[in-house]
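Q: One file: upload-v4.cif (mmCIF, C-alpha atoms).
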data_model
#
loop_
_atom_site.label_atom_id
_atom_site.label_comp_id
_atom_site.auth_asym_id
_atom_site.auth_seq_id
_atom_site.Cartn_x
_atom_site.Cartn_y
_atom_site.Cartn_z
CA MET A 30 136.76 138.17 36.82
CA ASP A 31 134.93 135.28 38.55
CA ASN A 32 136.18 135.81 42.08
CA PRO A 33 133.66 138.08 43.92
CA ILE A 34 136.38 139.39 46.25
CA GLU A 35 138.54 140.44 43.32
CA ALA A 36 135.50 141.94 41.61
CA ALA A 37 134.68 143.96 44.75
CA ARG A 38 138.29 145.16 44.94
CA ALA A 39 138.19 146.26 41.35
CA ARG A 40 135.09 148.37 42.07
CA GLN A 41 136.90 150.36 44.80
CA PRO A 42 137.59 153.88 43.62
CA VAL A 43 141.23 154.53 42.93
CA LEU A 44 142.88 157.18 45.09
CA GLU A 45 143.84 159.59 42.37
CA LEU A 46 146.09 161.86 44.42
CA ALA A 47 147.92 159.07 46.21
CA PRO A 48 151.62 158.53 45.63
CA ASP A 49 152.81 155.55 43.58
CA GLY A 50 151.71 152.25 45.03
CA PHE A 51 149.37 153.64 47.67
CA SER A 52 146.24 153.11 45.65
CA GLU A 53 147.23 149.46 45.14
CA LEU A 54 147.93 149.18 48.86
CA TYR A 55 144.39 150.35 49.61
CA GLN A 56 142.84 148.00 47.09
CA ALA A 57 144.83 145.03 48.33
CA HIS A 58 144.35 145.52 52.08
CA SER A 59 141.25 147.65 52.74
CA ARG A 60 139.02 144.61 53.22
CA GLU A 61 141.20 142.92 55.84
CA ILE A 62 141.81 146.17 57.70
CA TYR A 63 138.12 147.06 57.65
CA TYR A 64 137.22 143.57 58.86
CA LEU A 65 139.79 143.72 61.68
CA THR A 66 138.53 147.10 62.90
CA LEU A 67 134.90 146.02 62.50
CA ARG A 68 135.32 142.96 64.69
CA LEU A 69 137.61 144.68 67.22
CA LEU A 70 135.36 147.70 67.64
CA GLY A 71 132.06 145.91 66.99
CA ASP A 72 130.45 148.82 65.18
CA ASP A 73 130.09 149.61 61.45
CA ALA A 74 130.45 153.38 61.79
CA LYS A 75 133.46 153.12 64.11
CA ALA A 76 135.09 150.61 61.76
CA GLU A 77 134.54 152.95 58.83
CA ASP A 78 136.15 155.83 60.73
CA ALA A 79 138.99 153.64 61.95
CA THR A 80 139.76 152.25 58.48
CA HIS A 81 139.82 155.77 57.08
CA ASP A 82 142.15 156.91 59.90
CA VAL A 83 144.45 153.89 59.51
CA PHE A 84 144.92 154.47 55.78
CA LEU A 85 145.31 158.20 56.31
CA LYS A 86 148.11 157.53 58.80
CA ALA A 87 149.66 155.15 56.31
CA PHE A 88 149.27 157.79 53.60
CA LYS A 89 151.14 160.34 55.73
CA LYS A 90 153.93 157.87 56.48
CA TRP A 91 154.04 156.27 53.04
CA ASP A 92 157.33 157.95 52.09
CA ASP A 93 158.94 156.60 55.29
CA PHE A 94 157.78 153.03 54.71
CA ARG A 95 160.96 151.23 53.73
CA GLY A 96 159.59 147.73 53.41
CA ASP A 97 161.43 146.36 56.47
CA ALA A 98 158.14 144.65 57.31
CA SER A 99 155.51 143.61 54.79
CA ALA A 100 152.97 146.27 53.93
CA ARG A 101 150.31 144.02 55.46
CA THR A 102 152.11 143.78 58.81
CA TRP A 103 152.76 147.53 58.73
CA LEU A 104 149.06 148.27 58.19
CA TYR A 105 147.98 145.76 60.81
CA ARG A 106 150.29 147.42 63.33
CA ILE A 107 148.79 150.83 62.60
CA ALA A 108 145.28 149.38 62.85
CA ILE A 109 145.91 147.52 66.10
CA ASN A 110 147.49 150.60 67.70
CA HIS A 111 144.64 152.76 66.49
CA CYS A 112 141.96 150.43 67.87
CA SER A 113 143.92 150.01 71.11
CA ASN A 114 143.99 153.76 71.57
CA LEU A 115 140.28 153.94 70.88
CA ARG A 116 139.59 151.29 73.47
CA GLN A 117 142.00 152.95 75.93
CA SER A 118 145.16 151.23 77.03
CA TRP A 119 144.20 147.82 75.69
CA HIS A 120 147.42 146.16 76.80
CA SER A 121 147.34 147.23 80.42
CA ARG A 122 143.72 146.20 80.89
CA ASN A 123 143.30 143.15 78.74
CA LEU A 124 146.35 140.93 78.50
CA VAL A 125 145.20 137.53 79.67
CA THR A 126 146.98 136.35 82.80
CA ASN A 127 147.91 132.70 83.29
CA ALA A 128 145.21 132.34 85.95
CA ALA A 129 142.54 133.69 83.61
CA ASP A 130 143.88 131.44 80.87
CA ALA A 131 143.29 128.39 83.05
CA ILE A 132 139.69 129.43 83.70
CA TRP A 133 139.04 129.70 79.96
CA GLU A 134 140.75 126.37 79.34
CA ASN A 135 138.46 124.57 81.79
CA ALA A 136 135.31 126.35 80.71
CA ALA A 137 135.78 125.57 77.05
CA ALA A 138 137.40 122.14 77.21
CA GLN A 139 134.42 120.27 75.78
CA TYR A 140 134.27 122.14 72.46
CA ASP A 141 136.43 120.46 69.85
CA SER A 142 133.81 119.68 67.23
CA PRO A 143 133.34 121.59 63.94
CA LEU A 144 131.28 124.77 64.07
CA ARG A 145 127.87 124.14 62.52
CA VAL A 146 125.91 127.03 61.14
CA LEU A 147 122.33 126.56 59.95
CA GLU A 148 121.81 130.09 58.77
CA THR A 149 124.64 132.15 57.31
CA LYS A 150 122.45 135.25 56.94
CA GLU A 151 123.07 136.52 60.46
CA LEU A 152 126.44 134.91 60.86
CA GLY A 153 128.25 138.23 61.24
CA GLU A 154 126.11 139.18 64.22
CA ARG A 155 126.71 135.80 65.88
CA ILE A 156 130.44 136.11 65.35
CA GLN A 157 130.42 139.62 66.79
CA ARG A 158 128.43 138.54 69.86
CA THR A 159 130.87 135.67 70.37
CA LEU A 160 133.97 137.85 70.01
CA ASP A 161 132.46 140.44 72.38
CA ASN A 162 132.38 137.76 75.07
CA LEU A 163 136.06 136.92 74.76
CA PRO A 164 139.02 138.71 76.35
CA GLU A 165 140.31 141.27 73.86
CA GLU A 166 143.61 139.50 73.49
CA TYR A 167 141.89 136.29 72.39
CA ARG A 168 139.74 138.27 69.99
CA LEU A 169 142.75 139.92 68.40
CA LEU A 170 144.73 136.68 68.15
CA LEU A 171 141.85 134.88 66.44
CA LEU A 172 141.34 137.69 63.96
CA LEU A 173 145.04 137.76 63.13
CA VAL A 174 145.47 134.01 62.77
CA ALA A 175 142.41 133.87 60.49
CA ASN A 176 144.46 135.79 57.94
CA GLU A 177 146.46 133.05 56.25
CA GLU A 178 148.98 135.58 55.01
CA LEU A 179 150.20 136.33 58.55
CA SER A 180 152.76 133.94 60.05
CA TYR A 181 152.94 133.03 63.75
CA ASP A 182 156.14 135.07 63.95
CA GLU A 183 154.38 138.11 62.54
CA ILE A 184 151.43 137.66 64.90
CA ALA A 185 153.86 137.31 67.81
CA ASN A 186 155.59 140.48 66.70
CA LEU A 187 152.33 142.37 66.31
CA THR A 188 151.10 141.36 69.76
CA GLY A 189 154.44 141.63 71.58
CA GLN A 190 154.70 137.97 72.61
CA SER A 191 156.73 134.91 71.68
CA PRO A 192 155.37 132.59 68.95
CA ASP A 193 155.01 129.83 71.59
CA ALA A 194 152.89 132.11 73.77
CA VAL A 195 150.74 132.93 70.75
CA ARG A 196 150.23 129.21 69.97
CA GLY A 197 149.25 128.46 73.57
CA LYS A 198 146.81 131.32 73.82
CA LEU A 199 145.32 130.55 70.41
CA HIS A 200 144.57 127.02 71.52
CA ARG A 201 142.51 128.38 74.41
CA ALA A 202 141.04 131.21 72.34
CA ARG A 203 139.68 128.73 69.77
CA LYS A 204 137.99 126.69 72.46
CA ALA A 205 136.59 129.76 74.17
CA PHE A 206 135.24 130.98 70.83
CA ALA A 207 133.63 127.64 70.04
CA ALA A 208 132.01 127.47 73.48
CA HIS A 209 130.49 130.93 73.17
CA PHE A 210 129.55 130.47 69.54
CA GLN A 211 127.37 127.45 70.37
CA LYS A 212 125.53 129.57 72.93
CA THR A 213 124.66 132.23 70.36
CA ALA A 214 122.75 129.76 68.13
CA MET B 11 89.78 122.52 49.53
CA LYS B 12 91.35 120.89 52.54
CA HIS B 13 93.48 118.76 50.24
CA GLU B 14 94.64 121.87 48.45
CA LYS B 15 95.53 123.54 51.71
CA LYS B 16 97.48 120.51 52.89
CA PHE B 17 99.35 120.36 49.61
CA SER B 18 100.38 123.98 49.80
CA SER B 19 101.50 123.51 53.40
CA GLN B 20 103.68 120.54 52.35
CA GLU B 21 105.05 122.58 49.49
CA GLN B 22 105.97 125.37 51.86
CA GLN B 23 107.67 122.90 54.19
CA VAL B 24 109.78 121.50 51.34
CA SER B 25 110.68 124.99 50.25
CA GLU B 26 111.76 125.96 53.77
CA THR B 27 113.81 122.80 54.13
CA GLN B 28 115.54 123.46 50.83
CA SER B 29 116.21 127.02 51.87
CA ARG B 30 117.73 125.84 55.15
CA GLN B 31 119.81 123.23 53.36
CA THR B 32 121.30 125.78 51.00
CA THR B 33 122.41 128.10 53.82
CA ALA B 34 123.62 125.47 56.33
CA ARG B 35 127.38 125.22 56.56
CA GLU B 36 129.99 123.52 58.65
CA PHE B 37 133.33 125.09 59.45
CA ALA B 38 136.26 122.95 60.48
CA SER B 39 137.86 125.70 62.53
CA VAL B 40 137.32 129.17 63.95
CA GLU B 41 139.78 130.50 61.38
CA GLU B 42 137.74 129.05 58.53
CA LEU B 43 134.59 130.63 59.96
CA LEU B 44 136.27 134.03 60.29
CA ARG B 45 137.70 133.81 56.77
CA PHE B 46 134.21 133.11 55.43
CA ASP B 47 132.92 136.11 57.39
CA THR B 48 135.71 138.28 55.96
CA GLY B 49 134.71 137.22 52.46
CA GLN B 50 131.10 138.22 53.20
CA THR B 51 132.16 141.67 54.40
CA THR B 52 132.06 144.57 51.98
CA VAL B 53 134.20 147.63 52.51
CA PRO B 54 131.96 150.72 52.44
CA PRO B 55 132.86 152.76 49.32
CA ALA B 56 132.51 155.89 51.45
CA ILE B 57 135.89 155.14 53.04
CA ALA B 58 137.78 155.59 49.78
CA ASP B 59 135.84 158.79 49.04
CA ARG B 60 136.67 160.21 52.48
CA LEU B 61 140.27 159.14 52.15
CA GLN B 62 140.48 160.84 48.79
CA LYS B 63 139.26 164.12 50.34
CA SER B 64 141.54 163.82 53.38
CA ALA B 65 144.54 163.06 51.17
CA ALA B 66 143.77 166.09 49.00
CA GLN B 67 143.94 168.34 52.08
CA ILE B 68 147.34 166.94 53.04
CA ASN B 69 148.74 166.77 49.55
CA PRO B 70 146.88 169.30 47.36
CA PRO B 71 147.24 168.86 43.62
CA ALA B 72 150.04 170.91 42.12
CA ALA B 73 148.97 174.43 41.23
CA ARG B 74 148.42 175.13 37.55
CA PRO B 75 151.58 176.79 36.22
CA TRP B 76 151.15 180.53 35.63
CA TRP B 77 152.11 180.31 31.93
CA LYS B 78 149.25 177.88 31.30
CA ASN B 79 146.82 180.42 32.75
CA LEU B 80 148.38 183.08 30.57
CA PHE B 81 148.30 181.12 27.31
CA GLY B 82 145.32 178.90 28.07
CA SER B 83 147.16 175.69 27.22
CA LYS B 84 145.24 172.55 28.06
CA SER B 85 148.28 170.28 28.13
#
Using the file provided, produce a representation of the structure as structure tokens.

A:
Amino acid sequence: MDNPIEAARARQPVLELAPDGFSELYQAHSREIYYLTLRLLGDDAKAEDATHDVFLKAFKKWDDFRGDASARTWLYRIAINHCSNLRQSWHSRNLVTNAADAIWENAAAQYDSPLRVLETKELGERIQRTLDNLPEEYRLLLLLVANEELSYDEIANLTGQSPDAVRGKLHRARKAFAAHFQKTA
Amino acid sequence: MKHEKKFSSQEQQVSETQSRQTTAREFASVEELLRFDTGQTTVPPAIADRLQKSAAQINPPAARPWWKNLFGSKS
């Protein structure tokens, strides 16, 4: 097993009491769910609690999961709702208006170059500081689009917008991220 | 002595440069950067342990049948 990600997955304890398939679900998706909650909440302990709560909710609803959506999308929805509740009415406070979008577009217009990192040791902290400076909607969109397994349609569905709206906001979110990221160096 | 000191200082400089070179990276996009960060992130093993305990409270293991207690069968 050469792949370190696969090796780490294999080391995860198996949930012995879980119904069929749930243990595999945890092994396959715990990393992406933990990462999402970590970067949305910005705190290791909160992310640990949130990941536990997300999988516990999934565990309780496992018999009702009919596979209408992919298991990944299902888990992401639970995780996003959970983090939104923790951060109190995320949608009502943080959807980016068109006016705010324009401000971000102008502020970040100059950043189109690749992101250079001299030291990867503290990269996580830099990324967190950068994400903390973005509107929550941008943060969520960037974290979702970084997962290559999620399509634009699925991201649109998860965030309650059209795929075109997602593409437009992602364009601005990338620039805003790049602009802030350079400042954290 | 001075020569020795200078040599060791140069050596240190080379070592630091090499160290910087090995960790420097360039990411073509934000997504690529975030994917790298995801790969560097380890899920705390404590989550699975806690989940195991929480799941046991919701779905306790089936009670040992009474006849096994009576006859002491291990199967």

Q: Considering all atoms listed in the file, extract the chain B residues located within 9 Å of chain A and return them as an MDAnalysis selection string.

A: chainID B and resid 30:45 47:62 64:66 68:71

Q: Which residues match the PyMOL selection byres ((chain A and resi 160) around 9) in the file above, as a count of residues only?

A: 18

Q: CA of Ala108 in chain A and CA of Ala87 in chain A are how many Å apart?

A: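 The value is 9.8 Å.
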
Q: One decimal, Å: what's the distance from CA of Asp49 in chain A over to CA of Ala98 in chain A, could you say?

A: 18.3 Å

Q: Between CA of Ser99 in chain A and CA of Asp182 in chain A, measure the distance and give it in Å to one decimal.

A: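 Pair CA of Ser99 in chain A / CA of Asp182 in chain A returns 12.5 Å.
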
Q: Which residue, A:Pro192, A:Ser113, A:Lys198, A:Ala214, has the smallest gap to Ser180 in chain A when you use all atoms listed in the file?

A: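 Once distances to Ser180 in chain A are computed over all atoms listed in the file, the minimum belongs to A:Pro192.
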
Q: Can you spell out as a VMD selection string the set of residues that the PyMOL selection byres ((chain A and resi 185) around 12) selects in the structure I just provided?

A: chain A and resid 102 106 166 169 to 170 173 to 174 179 to 184 186 to 199
